[in-house]
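Trainee: Before anything else, here's the structure in question.
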Amino acid sequence: MTIEWDDVRVFQSAVRAGDYSNAARKLDMDRTTVGRRFARLERATGRSLWEQAATGYQPTEAGRAVIRAATAMEQAMAQLAGDLAEGDAERTIAGPIRVAGTAGIAALLLPAMADFLSRHPAIAIEVVGAREAIAAVQQRHADIGFAIARSKPRDLAGIRLTGFEQCRYVRKGTANNGAGNRAIGWGHAMMLANPQPWARLNALPQDEPGLEVDGIAAMHEAVRAGLGSAWLWRAIGDSDNLLEALPDEAPATTEAALWIIHRSDLEVEPAVAALRDAADGIVGGFIKTT
């Protein structure tokens with residue numbers, strides 16, 4: 001039985017999305033159609049491509065072979081599009097990049113990626129929803145990640161970009177009216193995904209009312225609105241003239257850094273390598289203009 005490329009594409013989307021339902025939404029199909037395409041691909045290959053693991057459904061060894069072939073085909077088509085584009089050699093770097101960022105930091109960096117995207121117009125960036133970039137890259141939900149961590153995981157390749165120093169902030173003029181005592185902290189899902197000391201600075205006391213948020217941008221906006229105090233990345237807090245820093249000192253154990261990470265067991269695709277190599281400038285540009 002002939003393997004249909006469209007069925008391979010559907011399987012690739014299911015693996016990236018984590019399940020049939022998310023893949024169906026991404027492909028604008030109903031879940032039944034995705035399941036039917038998946039079953040047809042398994043019949044064509046004569047192999048089981050999907051199995052349940054502790055972290056959810058994952059591709060089997062045969063499934064990973066299909067994914068490698070699908071990725072190679074995807075990259076070949078993207079490269080062809082880049083080769084046909086007018087312009088200099090940089091325009092030939094093409095392809096989709098799925099980017100994850102701990103606590104939504106990748107979305108914050110998007111404006112600073114404007115120069116990178118103008119130099120590489122054939123690259124498409126998708127910011128995937130992930131509370132923790134390391135897990136997103138390890139589980140193949142993202143190709144590359146901006147991760148907040150004390151050190152780089154041993155099973156990933158990565159580069160330290162800058163420190164992630166935090167200070168507690170409130171809106172100016174609210175430190176003595178009660179807002180400084182009202183905590184803004186991470187929601188339960190964020191704390192489960194990031195149990196590290198840097199995140200525990202914003203763990204909400206169980207016996208006190210507080211405001212729960214799920215990302216750095218929301219936490220910043222809540223502090224700006226005078227809703228309470230929170231520990232923020234100093235690159236954001238020190239540059240906001242609506243905020244004032246409180247004298248609290250973060251323990252040394254909460255030190256962390258911002259890393260750019262990707263898998264070390266896979267060949268780095270040209271588009272991913274280009275973003276990795278530009279990451280230091282992207283973060284530097286964000287800090288300079290924030």
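Going by the structure tokens order, chains are called A, B, ..., each with residues numbered from 1, while ligands are numbered from 1 in the order shown.
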Could you give me, as a PDB file with all heavy atoms, in the first residue's frame, the residues within 9 Å of A:Ala17, counting only C-alpha atoms and dropping anything in the same chain fewer than 6 positions from it?
Mentor:
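In the end it all went to selection-v4.pdb:
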```pdb
ATOM      1  N   ALA A  23      -4.497  18.290  17.076  1.00  0.00           N
ATOM      2  CA  ALA A  23      -4.079  18.226  15.676  1.00  0.00           C
ATOM      3  C   ALA A  23      -5.236  18.576  14.748  1.00  0.00           C
ATOM      4  O   ALA A  23      -5.057  19.270  13.744  1.00  0.00           O
ATOM      5  CB  ALA A  23      -3.544  16.840  15.351  1.00  0.00           C
ATOM      6  N   LYS A  26      -5.689  22.267  14.614  1.00  0.00           N
ATOM      7  CA  LYS A  26      -4.611  22.922  13.881  1.00  0.00           C
ATOM      8  C   LYS A  26      -4.744  22.716  12.374  1.00  0.00           C
ATOM      9  O   LYS A  26      -4.423  23.609  11.584  1.00  0.00           O
ATOM     10  CB  LYS A  26      -3.268  22.372  14.381  1.00  0.00           C
ATOM     11  CG  LYS A  26      -2.065  23.120  13.863  1.00  0.00           C
ATOM     12  CD  LYS A  26      -0.801  22.665  14.566  1.00  0.00           C
ATOM     13  CE  LYS A  26       0.400  23.456  14.095  1.00  0.00           C
ATOM     14  NZ  LYS A  26       1.639  23.042  14.787  1.00  0.00           N
ATOM     15  N   HIS A 141       7.534  19.159  21.520  1.00  0.00           N
ATOM     16  CA  HIS A 141       6.468  20.107  21.231  1.00  0.00           C
ATOM     17  C   HIS A 141       7.029  21.408  20.663  1.00  0.00           C
ATOM     18  O   HIS A 141       6.285  22.220  20.109  1.00  0.00           O
ATOM     19  CB  HIS A 141       5.656  20.408  22.493  1.00  0.00           C
ATOM     20  CG  HIS A 141       4.949  19.212  23.039  1.00  0.00           C
ATOM     21  ND1 HIS A 141       4.579  19.086  24.361  1.00  0.00           N
ATOM     22  CD2 HIS A 141       4.542  18.064  22.438  1.00  0.00           C
ATOM     23  CE1 HIS A 141       3.989  17.925  24.549  1.00  0.00           C
ATOM     24  NE2 HIS A 141       3.952  17.288  23.395  1.00  0.00           N
TER      25      HIS A 141
END
```
Trainee: Considering only C-alpha atoms, can you say which of A:Ile261, A:Val15, A:Ala149, A:Ala44 comes closest to A:Glu165?
Mentor: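 Among A:Ile261, A:Val15, A:Ala149, A:Ala44, it is A:Ala149 that comes nearest to A:Glu165.
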Trainee: Listing only residues of stretch 139-214 of chain A within 6 Å of stretch 227-231 of chain A, what is the closest atom pair and its distance in Å (to one decimal) for each, using only C-alpha atoms, sorted by chain and residue number ascending, as CSV?
Mentor:
```
residue,atom,partner,partner_atom,distance
A:Gln166,CA,A:Trp231,CA,5.8
A:Cys167,CA,A:Trp231,CA,5.1
A:Arg168,CA,A:Trp231,CA,4.1
A:Tyr169,CA,A:Ser229,CA,5.5
A:Val170,CA,A:Ser229,CA,4.7
A:Ala179,CA,A:Gly228,CA,4.5
A:Gly180,CA,A:Ser229,CA,5.2
A:Arg182,CA,A:Gly228,CA,4.8
A:Ala183,CA,A:Ser229,CA,5.3
A:Ile184,CA,A:Ala230,CA,5.3
```
Trainee: Please dump the current selection as a PDB file, in the first residue's frame; keep N, CA and C atoms.
Mentor:
```
ATOM      1  N   GLN A 166      15.839  38.807  39.774  1.00  0.00           N
ATOM      2  CA  GLN A 166      14.498  39.251  40.135  1.00  0.00           C
ATOM      3  C   GLN A 166      14.523  40.177  41.345  1.00  0.00           C
ATOM      4  N   CYS A 167      13.560  41.072  41.364  1.00  0.00           N
ATOM      5  CA  CYS A 167      13.372  41.985  42.487  1.00  0.00           C
ATOM      6  C   CYS A 167      11.858  42.132  42.686  1.00  0.00           C
ATOM      7  N   ARG A 168      11.458  42.456  43.917  1.00  0.00           N
ATOM      8  CA  ARG A 168      10.021  42.617  44.174  1.00  0.00           C
ATOM      9  C   ARG A 168       9.636  44.069  43.899  1.00  0.00           C
ATOM     10  N   TYR A 169       8.559  44.231  43.119  1.00  0.00           N
ATOM     11  CA  TYR A 169       8.106  45.544  42.694  1.00  0.00           C
ATOM     12  C   TYR A 169       6.647  45.779  43.064  1.00  0.00           C
ATOM     13  N   VAL A 170       6.317  47.074  43.200  1.00  0.00           N
ATOM     14  CA  VAL A 170       4.928  47.519  43.296  1.00  0.00           C
ATOM     15  C   VAL A 170       4.777  48.734  42.390  1.00  0.00           C
ATOM     16  N   ALA A 179      -1.049  47.635  49.010  1.00  0.00           N
ATOM     17  CA  ALA A 179      -0.770  46.872  47.791  1.00  0.00           C
ATOM     18  C   ALA A 179       0.528  46.087  47.915  1.00  0.00           C
ATOM     19  N   GLY A 180       1.490  46.648  48.639  1.00  0.00           N
ATOM     20  CA  GLY A 180       2.756  45.956  48.789  1.00  0.00           C
ATOM     21  C   GLY A 180       2.655  44.662  49.557  1.00  0.00           C
ATOM     22  N   ARG A 182      -0.115  42.707  49.321  1.00  0.00           N
ATOM     23  CA  ARG A 182      -0.987  41.804  48.565  1.00  0.00           C
ATOM     24  C   ARG A 182      -0.158  41.133  47.482  1.00  0.00           C
ATOM     25  N   ALA A 183      -0.118  39.815  47.485  1.00  0.00           N
ATOM     26  CA  ALA A 183       0.778  39.084  46.592  1.00  0.00           C
ATOM     27  C   ALA A 183       0.130  38.799  45.238  1.00  0.00           C
ATOM     28  N   ILE A 184       0.940  38.920  44.207  1.00  0.00           N
ATOM     29  CA  ILE A 184       0.592  38.442  42.871  1.00  0.00           C
ATOM     30  C   ILE A 184       1.525  37.268  42.615  1.00  0.00           C
TER      31      ILE A 184
END
```
Trainee: With only C-alpha atoms as the atoms that count, which of A:Thr60, A:Asp240, A:Arg131, A:Val66 lies nearest to A:Val10?
Mentor: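 Smallest distance to A:Val10 is found for A:Val66.
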Trainee: Can you pull out every residue from stretch 1-157 of chain A that DSSP, working from the backbone, puts in strand (DSSP E or B), and format the result as a list of chain:residue names?
Mentor: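 For stretch 1-157 of chain A, the strand (DSSP E or B) set is A:Trp50, A:Glu51, A:Gln52, A:Ala53, A:Gly56, A:Tyr57, A:Gln58, A:Pro59, A:Gly95, A:Pro96, A:Ile97, A:Arg98, A:Val99, A:Ala100, A:Gly101, A:Ile123, A:Ala124, A:Ile125, A:Glu126, A:Val127, A:Ile144, A:Gly145, A:Phe146, A:Ala147, A:Ile148, A:Ala149, A:Leu156, A:Ala157.
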Trainee: Kindly save the residues from that selection, with N, CA, C and O atoms included, as an mmCIF file, in the first residue's frame.
Mentor:
```
data_model
loop_
_atom_site.group_PDB
_atom_site.id
_atom_site.type_symbol
_atom_site.label_atom_id
_atom_site.label_comp_id
_atom_site.auth_asym_id
_atom_site.auth_seq_id
_atom_site.Cartn_x
_atom_site.Cartn_y
_atom_site.Cartn_z
ATOM 1 N N TRP A 50 2.159 4.652 17.267
ATOM 2 C CA TRP A 50 1.761 5.466 18.426
ATOM 3 C C TRP A 50 1.648 4.545 19.627
ATOM 4 O O TRP A 50 1.119 3.447 19.529
ATOM 5 N N GLU A 51 2.141 4.961 20.775
ATOM 6 C CA GLU A 51 2.030 4.156 21.982
ATOM 7 C C GLU A 51 1.869 5.069 23.189
ATOM 8 O O GLU A 51 2.270 6.226 23.171
ATOM 9 N N GLN A 52 1.274 4.520 24.238
ATOM 10 C CA GLN A 52 1.061 5.316 25.440
ATOM 11 C C GLN A 52 2.270 5.171 26.362
ATOM 12 O O GLN A 52 2.715 4.062 26.651
ATOM 13 N N ALA A 53 2.784 6.316 26.810
ATOM 14 C CA ALA A 53 3.921 6.343 27.734
ATOM 15 C C ALA A 53 3.503 7.090 28.986
ATOM 16 O O ALA A 53 2.371 7.586 29.097
ATOM 17 N N GLY A 56 2.222 10.511 28.336
ATOM 18 C CA GLY A 56 1.156 10.611 27.337
ATOM 19 C C GLY A 56 1.496 9.800 26.105
ATOM 20 O O GLY A 56 2.423 8.986 26.132
ATOM 21 N N TYR A 57 0.755 9.995 25.030
ATOM 22 C CA TYR A 57 1.015 9.253 23.803
ATOM 23 C C TYR A 57 2.280 9.775 23.124
ATOM 24 O O TYR A 57 2.489 10.979 23.005
ATOM 25 N N GLN A 58 3.121 8.820 22.692
ATOM 26 C CA GLN A 58 4.383 9.145 22.045
ATOM 27 C C GLN A 58 4.554 8.254 20.810
ATOM 28 O O GLN A 58 4.015 7.150 20.756
ATOM 29 N N PRO A 59 5.311 8.713 19.789
ATOM 30 C CA PRO A 59 5.540 7.856 18.626
ATOM 31 C C PRO A 59 6.421 6.668 18.977
ATOM 32 O O PRO A 59 7.319 6.773 19.811
ATOM 33 N N GLY A 95 12.033 27.661 6.646
ATOM 34 C CA GLY A 95 11.408 26.582 7.390
ATOM 35 C C GLY A 95 10.640 27.077 8.602
ATOM 36 O O GLY A 95 10.845 28.202 9.071
ATOM 37 N N PRO A 96 9.767 26.243 9.131
ATOM 38 C CA PRO A 96 9.023 26.606 10.340
ATOM 39 C C PRO A 96 9.847 26.316 11.594
ATOM 40 O O PRO A 96 10.611 25.354 11.644
ATOM 41 N N ILE A 97 9.721 27.166 12.591
ATOM 42 C CA ILE A 97 10.370 26.960 13.885
ATOM 43 C C ILE A 97 9.308 27.072 14.967
ATOM 44 O O ILE A 97 8.631 28.100 15.069
ATOM 45 N N ARG A 98 9.180 26.029 15.755
ATOM 46 C CA ARG A 98 8.271 26.071 16.914
ATOM 47 C C ARG A 98 9.081 26.501 18.127
ATOM 48 O O ARG A 98 10.036 25.844 18.506
ATOM 49 N N VAL A 99 8.713 27.648 18.698
ATOM 50 C CA VAL A 99 9.475 28.250 19.781
ATOM 51 C C VAL A 99 8.660 28.209 21.075
ATOM 52 O O VAL A 99 7.494 28.614 21.090
ATOM 53 N N ALA A 100 9.277 27.734 22.143
ATOM 54 C CA ALA A 100 8.651 27.740 23.460
ATOM 55 C C ALA A 100 9.401 28.700 24.362
ATOM 56 O O ALA A 100 10.595 28.955 24.164
ATOM 57 N N GLY A 101 8.705 29.236 25.350
ATOM 58 C CA GLY A 101 9.348 30.131 26.305
ATOM 59 C C GLY A 101 8.781 29.907 27.691
ATOM 60 O O GLY A 101 7.561 29.886 27.864
ATOM 61 N N ILE A 123 11.577 32.153 6.943
ATOM 62 C CA ILE A 123 11.404 31.432 8.209
ATOM 63 C C ILE A 123 10.058 31.805 8.810
ATOM 64 O O ILE A 123 9.701 32.981 8.878
ATOM 65 N N ALA A 124 9.322 30.803 9.245
ATOM 66 C CA ALA A 124 8.037 31.020 9.920
ATOM 67 C C ALA A 124 8.182 30.609 11.379
ATOM 68 O O ALA A 124 8.661 29.515 11.673
ATOM 69 N N ILE A 125 7.776 31.480 12.285
ATOM 70 C CA ILE A 125 7.882 31.207 13.719
ATOM 71 C C ILE A 125 6.503 30.947 14.305
ATOM 72 O O ILE A 125 5.563 31.705 14.061
ATOM 73 N N GLU A 126 6.397 29.867 15.052
ATOM 74 C CA GLU A 126 5.178 29.559 15.803
ATOM 75 C C GLU A 126 5.546 29.502 17.281
ATOM 76 O O GLU A 126 6.371 28.690 17.692
ATOM 77 N N VAL A 127 4.961 30.400 18.075
ATOM 78 C CA VAL A 127 5.172 30.368 19.520
ATOM 79 C C VAL A 127 4.159 29.388 20.102
ATOM 80 O O VAL A 127 2.958 29.621 20.045
ATOM 81 N N ILE A 144 12.902 24.713 19.663
ATOM 82 C CA ILE A 144 13.885 25.527 20.388
ATOM 83 C C ILE A 144 13.153 26.252 21.497
ATOM 84 O O ILE A 144 11.936 26.475 21.396
ATOM 85 N N GLY A 145 13.865 26.583 22.559
ATOM 86 C CA GLY A 145 13.181 27.212 23.675
ATOM 87 C C GLY A 145 14.023 28.278 24.353
ATOM 88 O O GLY A 145 15.255 28.181 24.416
ATOM 89 N N PHE A 146 13.350 29.312 24.849
ATOM 90 C CA PHE A 146 13.951 30.295 25.743
ATOM 91 C C PHE A 146 13.571 29.858 27.153
ATOM 92 O O PHE A 146 12.415 29.985 27.560
ATOM 93 N N ALA A 147 14.536 29.304 27.870
ATOM 94 C CA ALA A 147 14.254 28.663 29.152
ATOM 95 C C ALA A 147 14.859 29.455 30.302
ATOM 96 O O ALA A 147 15.991 29.940 30.217
ATOM 97 N N ILE A 148 14.095 29.551 31.385
ATOM 98 C CA ILE A 148 14.591 30.140 32.625
ATOM 99 C C ILE A 148 15.014 28.980 33.514
ATOM 100 O O ILE A 148 14.197 28.136 33.873
ATOM 101 N N ALA A 149 16.276 28.924 33.862
ATOM 102 C CA ALA A 149 16.781 27.803 34.661
ATOM 103 C C ALA A 149 18.109 28.201 35.288
ATOM 104 O O ALA A 149 18.806 29.091 34.792
ATOM 105 N N LEU A 156 20.227 18.387 26.815
ATOM 106 C CA LEU A 156 19.928 19.386 25.797
ATOM 107 C C LEU A 156 21.178 20.208 25.489
ATOM 108 O O LEU A 156 22.075 20.341 26.319
ATOM 109 N N ALA A 157 21.209 20.758 24.286
ATOM 110 C CA ALA A 157 22.246 21.718 23.929
ATOM 111 C C ALA A 157 21.714 23.111 24.221
ATOM 112 O O ALA A 157 20.505 23.355 24.118
#
```
Trainee: For atom CA of A:Gly210 and atom CA of A:Asn176, quote the distance in Å rounded to one decimal.
Mentor: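 Answer for the atom CA of A:Gly210 to atom CA of A:Asn176 separation: 17.3 Å.
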Trainee: Fewer than 3 positions away in the same chain doesn't count, so skip those; otherwise give me all residues within 9 Å of stretch 29-40 of chain A, counting only C-alpha atoms, as a list in words.
Mentor: Ile3, Glu4, Asp6, Asp7, Val8, Val10, Phe11, Ala14, Tyr20, Ser21, Asn22, Ala23, Ala24, Arg25, Lys26, Arg43, Ala44, Thr45 and Leu49 of chain A
Trainee: I'd like to know which of A:Arg16, A:Arg154, A:Arg119, A:Arg47 is closest to A:Asp265, using only C-alpha atoms.
Mentor: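 Going through A:Arg16, A:Arg154, A:Arg119, A:Arg47 one by one, the smallest distance to A:Asp265 is for A:Arg154.
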Trainee: To test your reading of the structure, identify every residue in stretch 14-75 of chain A that backbone DSSP assigns to helix (DSSP H, G or I), and report it as a PyMOL selection string.
Mentor: chain A and resi 14-17+20-27+31-45+61-75
Trainee: Which neighbours of A:Gly185 fall inside 7 Å, counting only C-alpha atoms, when residues of the same chain fewer than 5 positions from it are skipped, and could you give them as a PDB file with N, CA and C atoms, in the first residue's frame?
Mentor:
```
ATOM      1  N   ASN A 202       7.467  33.604  43.722  1.00  0.00           N
ATOM      2  CA  ASN A 202       6.100  34.071  43.478  1.00  0.00           C
ATOM      3  C   ASN A 202       5.058  33.002  43.790  1.00  0.00           C
ATOM      4  N   ALA A 203       5.400  32.078  44.682  1.00  0.00           N
ATOM      5  CA  ALA A 203       4.394  31.119  45.160  1.00  0.00           C
ATOM      6  C   ALA A 203       3.478  31.842  46.135  1.00  0.00           C
ATOM      7  N   LEU A 204       2.177  31.708  45.959  1.00  0.00           N
ATOM      8  CA  LEU A 204       1.228  32.411  46.813  1.00  0.00           C
ATOM      9  C   LEU A 204       1.071  31.709  48.154  1.00  0.00           C
ATOM     10  N   LEU A 211      -3.562  37.184  43.866  1.00  0.00           N
ATOM     11  CA  LEU A 211      -3.944  37.155  42.452  1.00  0.00           C
ATOM     12  C   LEU A 211      -3.050  36.168  41.724  1.00  0.00           C
ATOM     13  N   GLU A 212      -3.633  35.200  41.035  1.00  0.00           N
ATOM     14  CA  GLU A 212      -2.861  34.197  40.302  1.00  0.00           C
ATOM     15  C   GLU A 212      -2.779  34.572  38.830  1.00  0.00           C
ATOM     16  N   VAL A 213      -1.586  34.473  38.270  1.00  0.00           N
ATOM     17  CA  VAL A 213      -1.379  34.720  36.838  1.00  0.00           C
ATOM     18  C   VAL A 213      -0.596  33.556  36.251  1.00  0.00           C
ATOM     19  N   ALA A 230       4.994  41.747  43.219  1.00  0.00           N
ATOM     20  CA  ALA A 230       5.476  40.473  42.671  1.00  0.00           C
ATOM     21  C   ALA A 230       6.963  40.605  42.368  1.00  0.00           C
TER      22      ALA A 230
END
```
Trainee: Just checking: using only C-alpha atoms, which residue out of A:Leu266, A:Val283, A:Met191, A:Ala252 ends up closest to A:Arg150?
Mentor: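 With only C-alpha atoms as the atom set, the closest residue is A:Ala252.
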